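*Asks:* Here you go, one structure.
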Amino acid sequence: MVRSSAATHVAEHSALIMAPAADVYELIAAVRGWPDVFGPTVHAEVLEETERHQLLRIWAFANGRVRDWTSRRSLDPATRTVTFRQVVTAPPVASMGGEWRIVETADGCRVTLLHDYRATDDDPEALHLIETAVDTNSTAELRALKATAERFADFTQSRFTFSTHQDISGSRRDVFDFLARADAWPSRLPHVARVQLREDEPGVQHLTMDTYSPDGSEHTTSSVRLCFPDRGLIVYKQTTPPPVMTGHTGRWVVESVQDERGVPMVRAISWHTVVLDMDGVRGVLGPNTKLAEADAMVRRSLDANSSATLLRAKQYVEQSR
């Protein structure tokens with residue numbers, strides 16, 4: 001439902017969720033985990049945080065494009081409400097704010113997501129774009145929130161994070177460039193068969209890639225990557241994960257370290273966060289596959305590809321020197 005008053009427009013979306021209100025509130029409050037829960041959210045960073053207040057920077061899809069903004073949030077666990085207001089907006093948004101409200105019901109809770117917004121210069125075309133993005137994303141977020149909350153125990157058990165690293169003698173910039181230049185990976189990485197890379201705006205990469213698993217099978221995945229050269233950081237989210245996962249996010253971190261002799265080195269780290277889809281796992285590996293088996297298989301496959309990429313990065317950078 002959308003209505004307007006002067007130049008301020010208001011949208012309201014709601015959903016009934018058959019899960020404890022406390023679980024739903026936890027998912028909304030834990031913004032660092034949003035990329036694992038909400039499809040539109042690519043990456044979220046907490047810039048400042050106290051017990052009741054947060055300053056956030058969020059990257060998310062809006063009408064097919066990745067936008068970013070900075071918001072302040074106030075959290076009230078007693079009333080299970082979270083209010084938010086953008087302090088740095090992305091055009092054509094002039095202002096944006098709203099509130100999450102969670103009210104207990106006999107079978108769970110009702111979640112209401114409110115937005116108020118204004119478009120730059122009150123432009124009708126811009127208003128239509130904002131309204132479409134708010135409606136599309138709110139609907140998708142509530143659907144994902146419901147699906148995740150109603151299997152909250154399974155979700156927490158099937159999500160895991162791990163990392164692998166490689167120390168390299170070279171410059172941070174050279175290592176970062178190797179990881180950022182994914183379009184060159186088919187000629188540099190034996191487990192990569194094909195890469196299609198599109199960078200419509202600096203630092204935002206849309207990547208489709210065919211890779212080989214350790215067993216020789218080939219998989220196609222699509223991802224969006226955010227590249228931060230000055231921070232030595234690349235974060236990504238698979239928008240088309242393999243059938244054994246409901247979500248896969250990760251990051252490449254390139255940092256300066258010293259070896260045991262005090263010699264400067266570069267450490268490249270690959271982090272993965274995976275949410276397993278046990279229905280998909282059992283469809284691929286068999287109906288009796290256990291969570292621990294699926295965890296080990298996915299971890300082994302991702303670790304093998306990350307380790308191979310980091311080893312090739314080490315060889316490439318050190319030989320280039």
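In the structure tokens, the first chain shown is A, the next is B, and so on; residue numbers restart at 1 for each chain, and ligands run from 1 in the order shown.
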As JSON, numbers by chain, which residues of stretch 66-217 of chain A does DSSP assign to helix (DSSP H, G or I)?
*Replies:* {"A": [120, 121, 122, 124, 125, 126, 127, 128, 129, 130, 131, 132, 133, 134, 135, 136, 137, 138, 139, 140, 141, 142, 143, 144, 145, 146, 147, 148, 149, 152, 153, 154, 155, 156, 157, 158, 172, 173, 174, 175, 176, 177, 178, 179, 180, 182, 183, 184, 185, 186, 187, 188]}
*Asks:* Give me the residues within 7 Å of stretch 29-38 of chain A as a list in words, counting only C-alpha atoms and dropping any in the same chain fewer than 4 places off.
*Replies:*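 Listed by chain and then number, they are Tyr25, Val42, His43, Ala44, Glu45, Glu141, Ala144, Leu145, Thr148 and Gly247 of chain A.
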*Asks:* Save the residues we just selected, N, CA, C and O atoms, as a tab-separated table (two decimals), in the first residue's frame?
*Replies:*
```
chain	number	residue	atom	x	y	z
A	25	TYR	N	13.26	-10.69	15.41
A	25	TYR	CA	13.97	-9.47	15.79
A	25	TYR	C	15.48	-9.66	15.66
A	25	TYR	O	16.19	-8.76	15.19
A	42	VAL	N	23.71	-6.94	-0.78
A	42	VAL	CA	25.00	-7.47	-1.21
A	42	VAL	C	26.02	-7.44	-0.07
A	42	VAL	O	26.73	-8.42	0.17
A	43	HIS	N	26.07	-6.34	0.65
A	43	HIS	CA	27.10	-6.17	1.69
A	43	HIS	C	26.61	-5.13	2.68
A	43	HIS	O	25.92	-4.18	2.31
A	44	ALA	N	26.96	-5.31	3.95
A	44	ALA	CA	26.59	-4.36	4.99
A	44	ALA	C	27.77	-4.20	5.94
A	44	ALA	O	28.37	-5.19	6.37
A	45	GLU	N	28.09	-2.96	6.27
A	45	GLU	CA	29.17	-2.66	7.20
A	45	GLU	C	28.64	-1.80	8.35
A	45	GLU	O	27.87	-0.87	8.11
A	141	GLU	N	12.34	-8.99	0.88
A	141	GLU	CA	12.92	-9.08	2.22
A	141	GLU	C	11.97	-9.77	3.20
A	141	GLU	O	12.40	-10.61	4.01
A	144	ALA	N	11.92	-13.46	2.42
A	144	ALA	CA	13.14	-14.12	2.89
A	144	ALA	C	13.17	-14.20	4.41
A	144	ALA	O	13.61	-15.20	4.99
A	145	LEU	N	12.72	-13.14	5.07
A	145	LEU	CA	12.68	-13.13	6.53
A	145	LEU	C	11.77	-14.24	7.04
A	145	LEU	O	12.10	-14.95	8.00
A	148	THR	N	13.44	-17.69	6.44
A	148	THR	CA	14.57	-17.93	7.33
A	148	THR	C	14.12	-18.12	8.77
A	148	THR	O	14.57	-19.03	9.47
A	247	GLY	N	22.81	-19.70	0.06
A	247	GLY	CA	23.57	-18.46	0.06
A	247	GLY	C	25.06	-18.70	0.15
A	247	GLY	O	25.50	-19.66	0.79
```
*Asks:* For A:Phe155, find every residue with an atom within 9 Å (counting only C-alpha atoms), except residues of its own chain fewer than 4 positions away, and show them as a list in words.
*Replies:*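 Those residues are Thr148, Ala149, Arg151, Arg159, Val275 and Leu276 of chain A.
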*Asks:* Run DSSP on the backbone and grab whatever in stretch 30-217 of chain A lands in strand (DSSP E or B); send it over as a ChimeraX atom specification.
*Replies:* /A:41-49,53-62,65-76,81-88,93-104,109-119,159-168,192-201,204-212
*Asks:* Looking at A:Ser171, A:Asp277, A:Leu226, A:Leu127, which one is nearest to A:Ile58, with distances taken over only C-alpha atoms?
*Replies:* A:Leu226
